[in-house]
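Peer 1: Take a look at this one; I'll ask things after.
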Amino acid sequence: MSAVVAEFRRNRLSLSYVIVVALLILLVVAGGFLSDRFLTWRNFGNLFQQLVVLGMVSLGQTFVVLLGGIDLAVGSLVSASTVFIAHFLEWRPDLLWLALPLALIAATAIGALNGLLTIVLRVHPLIVTLGMSSIIFGGTLMYNKEPGGSVPRGLADFSYAKLWGIPVTAIVLVAIFALAGLWLQRSRSGRSIYFVGGDREAARLNGLPVNRIVVMAYALSGLCAGLAAIFLTARTGVGDPRIGAALTLQSITPVVVGGTVLAGGRGGVLGTLLGVLLVTMLNNLLNFLNVSSYYQWVIQGLIIIIAVSIHTTKRRQ
Amino acid sequence: MVTPVIELSRIEKEYPGVKPLDRVDFAVRPGEIHALLGENGAGKSTLIRVMGGAIKPNGGSMTYLGKPVSWQSPKQARAAGIHVIHQELALFPELSVAENILVDAQPRNGLGLISSRARHARAAEILAQLGVRISTHAKIDELPLADQQMVEIAKALVGEVRLLVLDEPTAVISGHEVDLLFDNMRRLKREGVGIVYVSHRLEEIFEIADRVTILKDGQVAGTGPVGDLTRDEMITKMVGRRLEQIYPARRKAPAVGPDILKVSNLRSGHRVRDVSFAVRPGEVVGIAGMVGSGRTEVAEVIFGTRDLDGGTIEFDGKRLDRRMPREAIRNGVGFLTENRKDEGLFLGLPISANVMAPDLAGVTKRGLIDRRGERDIALEQIRNFAVAAPSPEVKVGNLSGGNQQKVLFGRWSRIARKLLILDEPTRGVDIGAKVEIYRIVRNLAEQGVGILMISSELPEIIGLSDRIFVMSQGHVAGEIDGASATEEAIMDLAVRSIDRREGTAARLEQVA
């Protein structure tokens, strides 16, 4: 937690955060006026529960974008992981302790493979991960076309558990973000992501193990997708080969809205967390106002373009 | 009196703080090969770009074929018959020879579509005129550099050409390729084309040029028929300035000790052909030579960012197992690259991160980066190197060129316990920062660090170096003692071409 605070303090003048925080406040105030159900303790509990999956995937995406790359395979990876978890647990509900680490290891390995391919084949990450996404999606469908499987009681309970009225999953998410912030700012490997993202050639010249760092960032993105899948399976109780499809593009929105630059080297996880909060809260409010999901998509599209254009204008000054 | 093809009169060009061209008069007659000489930065490129319409002068006038002109764009100059062939060729590597030659004039058939057959026929015709045998179907990047250059010249012949400007065309070719180029230049000359020829190789000037104009600090230092000037007079005019009192005195002689760096018979690509030298602790070794002589490439090979094709590199008497920057850094070697913006600094990150980038381990305690330790080191380096910045948190991209360079010194001086390689350490920094950088270099040397300094600025090389190696065409053309070095002596070695046909054989006799 202290790392997140430290990061925030260091960037307290950064307009990126000011914009997102201002938008959040605006949203809360507007929501309070527009709907009497919005500003309630209960709604915020739901909201935090909702943002856990997107938050996790976006965190992974942040590492890769900081590196100057992009991971378009996260959605398929989340879907595949839910299918794996739910079917494994249907087969052996007693092996929860084995199923979850296995899922995480597999997701991390696929992420690492993405990173490795961008280096070995020298193909743009957009292409590598797009191809990988298609392969994972197809592979999952070969195995299972419809939602299926089940999860043991304990895992489902975890998804709805609350501590002092706050969903435990949300607490876990914030803890993971704090850890990620600490790691990015204070560890050699985390800091190296900024170096490689800022200028790959300079990083090499400074003796940094560039290839290792690239593979690590993609592996972390895979790990985060695996964690997201655990949260998701716990909540829905099934493995669904299509459930993550929309997550790929959705995961990029909070990252760039939070001020992380697509070119790499600038940004951080706090911005992403705020971005996730903003996007989720907006959709939540629009739901209350009975705005159709079509408009929600349009509004989300506008937000991404406007927020990023504000960031770039500010940077150019 | 023949009307000159082009005549420039009192041309001036000024940027804030610099004046690359100062009242320059320059004229080329039809059927004349006019050599343009000068040190790096003397204004040759600017002058070429003014003639070719890429730069608009701030003052003076220009006549072309007897009429006053003022080019609005390179396209306008080209349409009028002026072709400039730059050192970096302007070809499309993925397209065919024919497509490149006729890039501006694709022949069309009756339907208004580009006719492939007509294109190849026309391209072949032009290449035949030049006397070269290159397939019009070949892709550019499949061709050797000399052929690519011929394609570039062929482009000039598509339309009417009255003035051909060649910017150091022989920097990348050798032997019979040079002969072929010269044959073609002579042929164009007989057809009445005026040719401007830029080269650092004085031998070539005497072989091919009719007249010569020498630029020095943006002004014409001399002009006349080639026969009227001796080689030494040309060099003196190119150099022509006194050593300024800005170099710190050597307070003590370099310690006598074993070599900190020893390279033997280094080879890499076509730029580094045979280089041997050594650096001792506490010694500043200068590497002089023209741009393209292989200086930077030697530094890159030593640091491990460029492949080594042959020869050996020893740090402190031992060869490294793996050639990569990380190994060099581990062994106490630092490298300030020529291009600090592209290769050295992380512009979006603060000074502290930039200083510590190669040595994160040095501030890591129990697995975490010690923020205070990092800040303290950065502050110390900011003070040591007098970086004008309010705090270590300032992003390096917001600093001036001189201060960015000092941040790099702050970084590498911590790493370079043994050897610091500097490539053009004062390029683009103002005179005040230069003086400070000279002082830093001298201090580091006196602390026992071996310094290998590459520079195009001869006064800088002479003022700082204990020993100077002059490079020419990928070879060490000679070694000069720093105390007795003169700009003339260095230029003499730098412009001496290694005999084109004999290769290395002629080298020894030059050194002697």
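Each chain in the structure tokens gets a letter, A, B and so on, in the order shown; residues start at 1 in every chain, and ligands are counted from 1 in the order they appear.
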May I have the residues of chain B within 6 Å of chain A, counting only C-alpha atoms, written as JSON, numbers by chain?
Peer 2: {"B": [325, 326, 343, 344, 346, 358, 368, 369]}
Peer 1: Extract, using only C-alpha atoms, all DNA, RNA and protein residues at most 9 Å from Phe38 of chain A, discarding same-chain residues fewer than 4 positions from it, and format them as a PyMOL selection string.
Peer 2: chain A and resi 28+31-34+42-44+284-285+288
Peer 1: Please provide as a list in words all residues within 9 Å of Gly286 of chain B, with the sequence filter that same-chain residues fewer than 6 positions apart are discarded (counting only C-alpha atoms).
Peer 2: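 Residues near the query, excluding close chain neighbours: Ile451, Leu452, Met453, Ile454, Ser455, Ile461, Ile462, Leu464, Ser465, Asp466, Arg467, Ile468, Phe469, Val470 and Gly482 of chain B.
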Peer 1: DSSP on the backbone: which residues in segment 175-421 of chain B end up as alpha helix (DSSP H)? Give the answer as a count of residues only.
Peer 2: 81
Peer 1: Please provide the set of residues having any atom within 10 Å of Gln50 of chain A, restricted to only C-alpha atoms, with same-chain residues fewer than 3 positions apart removed, written as a compact mmCIF listing (two decimals) with C-alpha atoms, in the first residue's frame.
Peer 2:
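As a result, result-v4.txt now contains:
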```txt
# COMPACT_ATOMS: atom_id res chain seq x y z
CA PHE A 44 -19.98 0.23 -4.19
CA GLY A 45 -19.58 -3.30 -2.86
CA ASN A 46 -20.96 -4.64 -6.15
CA LEU A 47 -18.85 -2.24 -8.12
CA VAL A 53 -11.45 -9.21 -13.38
CA LEU A 54 -10.90 -6.18 -15.59
CA GLY A 55 -8.47 -4.81 -12.99
CA THR A 169 -11.58 -10.13 -3.94
CA ALA A 170 -11.34 -6.33 -4.15
CA LEU A 232 -13.97 -15.08 -12.94
CA ARG A 235 -17.84 -15.93 -9.57
CA LEU A 277 -12.41 2.37 -11.47
CA THR A 280 -16.41 0.29 -14.30
CA MET A 281 -18.14 3.10 -12.45
CA ASN A 284 -22.40 0.88 -13.56
```
Peer 1: Could you pull the residues within 8 Å of segment 387-403 of chain B, counting only C-alpha atoms, minus those fewer than 2 positions along the same chain, as a compact mmCIF listing (two decimals) with N, CA and C atoms, in the first residue's frame?
Peer 2:
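Writing done, so here's out.txt:
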```txt
# COMPACT_ATOMS: atom_id res chain seq x y z
N LEU B 345 20.62 8.02 -23.46
CA LEU B 345 19.78 8.50 -22.36
C LEU B 345 18.34 8.01 -22.46
N PHE B 346 17.70 7.93 -21.30
CA PHE B 346 16.26 7.70 -21.25
C PHE B 346 15.63 9.06 -20.99
N LEU B 347 15.18 9.72 -22.05
CA LEU B 347 14.74 11.10 -21.93
C LEU B 347 13.53 11.26 -21.02
N GLY B 348 12.68 10.25 -20.97
CA GLY B 348 11.46 10.37 -20.17
C GLY B 348 11.66 10.04 -18.70
N LEU B 349 12.87 9.65 -18.33
CA LEU B 349 13.12 9.26 -16.94
C LEU B 349 13.97 10.32 -16.24
N PRO B 350 13.88 10.37 -14.89
CA PRO B 350 14.62 11.38 -14.14
C PRO B 350 16.14 11.16 -14.17
N ILE B 351 16.87 12.17 -13.76
CA ILE B 351 18.32 12.11 -13.73
C ILE B 351 18.79 10.91 -12.92
N SER B 352 18.15 10.71 -11.75
CA SER B 352 18.61 9.63 -10.87
C SER B 352 18.56 8.28 -11.58
N ASN B 354 18.60 7.72 -14.74
CA ASN B 354 19.57 7.70 -15.83
C ASN B 354 20.99 7.45 -15.33
N ARG B 375 19.15 8.58 -4.73
CA ARG B 375 19.07 10.04 -4.76
C ARG B 375 20.39 10.68 -4.35
N ALA B 378 22.87 10.34 -7.14
CA ALA B 378 22.53 11.26 -8.22
C ALA B 378 22.90 12.69 -7.85
N LEU B 379 22.59 13.08 -6.61
CA LEU B 379 22.93 14.43 -6.15
C LEU B 379 24.43 14.67 -6.20
N ILE B 382 25.44 15.13 -9.70
CA ILE B 382 24.99 16.43 -10.18
C ILE B 382 25.99 17.51 -9.73
N ARG B 383 26.45 17.39 -8.49
CA ARG B 383 27.43 18.34 -7.97
C ARG B 383 28.79 18.16 -8.65
N PHE B 385 29.63 17.02 -11.45
CA PHE B 385 29.72 17.38 -12.86
C PHE B 385 28.98 18.67 -13.17
N GLN B 405 24.82 15.74 -21.46
CA GLN B 405 26.13 15.12 -21.60
C GLN B 405 26.78 14.95 -20.23
N LYS B 406 26.58 15.94 -19.35
CA LYS B 406 27.17 15.83 -18.01
C LYS B 406 26.50 14.71 -17.22
N VAL B 407 25.19 14.51 -17.44
CA VAL B 407 24.51 13.39 -16.77
C VAL B 407 25.14 12.08 -17.22
N THR B 426 31.79 16.36 -27.15
CA THR B 426 31.34 17.75 -27.06
C THR B 426 30.45 18.16 -28.23
N GLY B 428 27.52 19.34 -30.21
CA GLY B 428 26.25 19.99 -29.91
C GLY B 428 26.17 20.65 -28.55
N VAL B 429 27.30 20.82 -27.85
CA VAL B 429 27.24 21.52 -26.57
C VAL B 429 27.96 22.86 -26.71
N ASP B 430 27.57 23.83 -25.90
CA ASP B 430 28.15 25.16 -26.07
C ASP B 430 29.57 25.20 -25.48
N ALA B 433 30.18 24.53 -21.68
CA ALA B 433 30.07 23.13 -21.30
C ALA B 433 31.26 22.34 -21.82
N LYS B 434 31.74 22.74 -23.00
CA LYS B 434 32.91 22.06 -23.56
C LYS B 434 34.09 22.14 -22.60
```
Peer 1: With a distance cut-off of 7 Å and only C-alpha atoms, select the neighbouring residues of Ser264 of chain B, excluding the residue or stretch itself and same-chain residues fewer than 5 positions from it, and output the selection as a list in words.
Peer 2: Val275, Ser276, Phe277, Gly311, Thr312 and Ile313 of chain B
Peer 1: For the selection you just gave me, I'd like the residues written to a file as a JSON list (two decimals), in the first residue's frame, keeping N, CA and C atoms.
Peer 2:
```json
[["chain", "number", "residue", "atom", "x", "y", "z"],
["B", 275, "VAL", "N", 42.78, -2.69, -37.24],
["B", 275, "VAL", "CA", 43.06, -1.66, -36.25],
["B", 275, "VAL", "C", 43.74, -2.28, -35.04],
["B", 276, "SER", "N", 44.88, -1.72, -34.67],
["B", 276, "SER", "CA", 45.59, -2.16, -33.47],
["B", 276, "SER", "C", 46.05, -0.94, -32.69],
["B", 277, "PHE", "N", 45.81, -0.94, -31.41],
["B", 277, "PHE", "CA", 46.36, 0.11, -30.55],
["B", 277, "PHE", "C", 46.15, -0.30, -29.10],
["B", 311, "GLY", "N", 40.43, -10.49, -35.04],
["B", 311, "GLY", "CA", 41.29, -9.74, -34.12],
["B", 311, "GLY", "C", 40.92, -10.00, -32.68],
["B", 312, "THR", "N", 41.66, -9.37, -31.77],
["B", 312, "THR", "CA", 41.42, -9.61, -30.35],
["B", 312, "THR", "C", 41.28, -8.31, -29.57],
["B", 313, "ILE", "N", 40.48, -8.37, -28.49],
["B", 313, "ILE", "CA", 40.32, -7.24, -27.58],
["B", 313, "ILE", "C", 40.65, -7.74, -26.18]]
```
Peer 1: Output as a PyMOL selection string all residues of segment 76-228 of chain B that backbone DSSP marks as strand (DSSP E or B).
Peer 2: chain B and resi 82-85+96+108+114+139+163-167+194-198+211-216+219-225
Peer 1: Have a look at atom CA of Val83 of chain A and atom CA of Gly115 of chain A and let me know their distance in Å, one decimal.
Peer 2: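 Separation of atom CA of Val83 of chain A and atom CA of Gly115 of chain A: 23.6 Å.
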Peer 1: Please, what distance in Å, to one decimal, runs between atom CA of Leu215 of chain B and atom CA of Gly192 of chain B?
Peer 2: 25.3 Å
Peer 1: So that I can see what lies close to segment 105-114 of chain A, please list as a VMD selection string the residues with an atom at most 7 Å from it, counting only C-alpha atoms and leaving out residues fewer than 6 positions away in the same chain.
Peer 2: chain A and resid 77 128 to 129 215 to 216 218 to 223 225 to 226
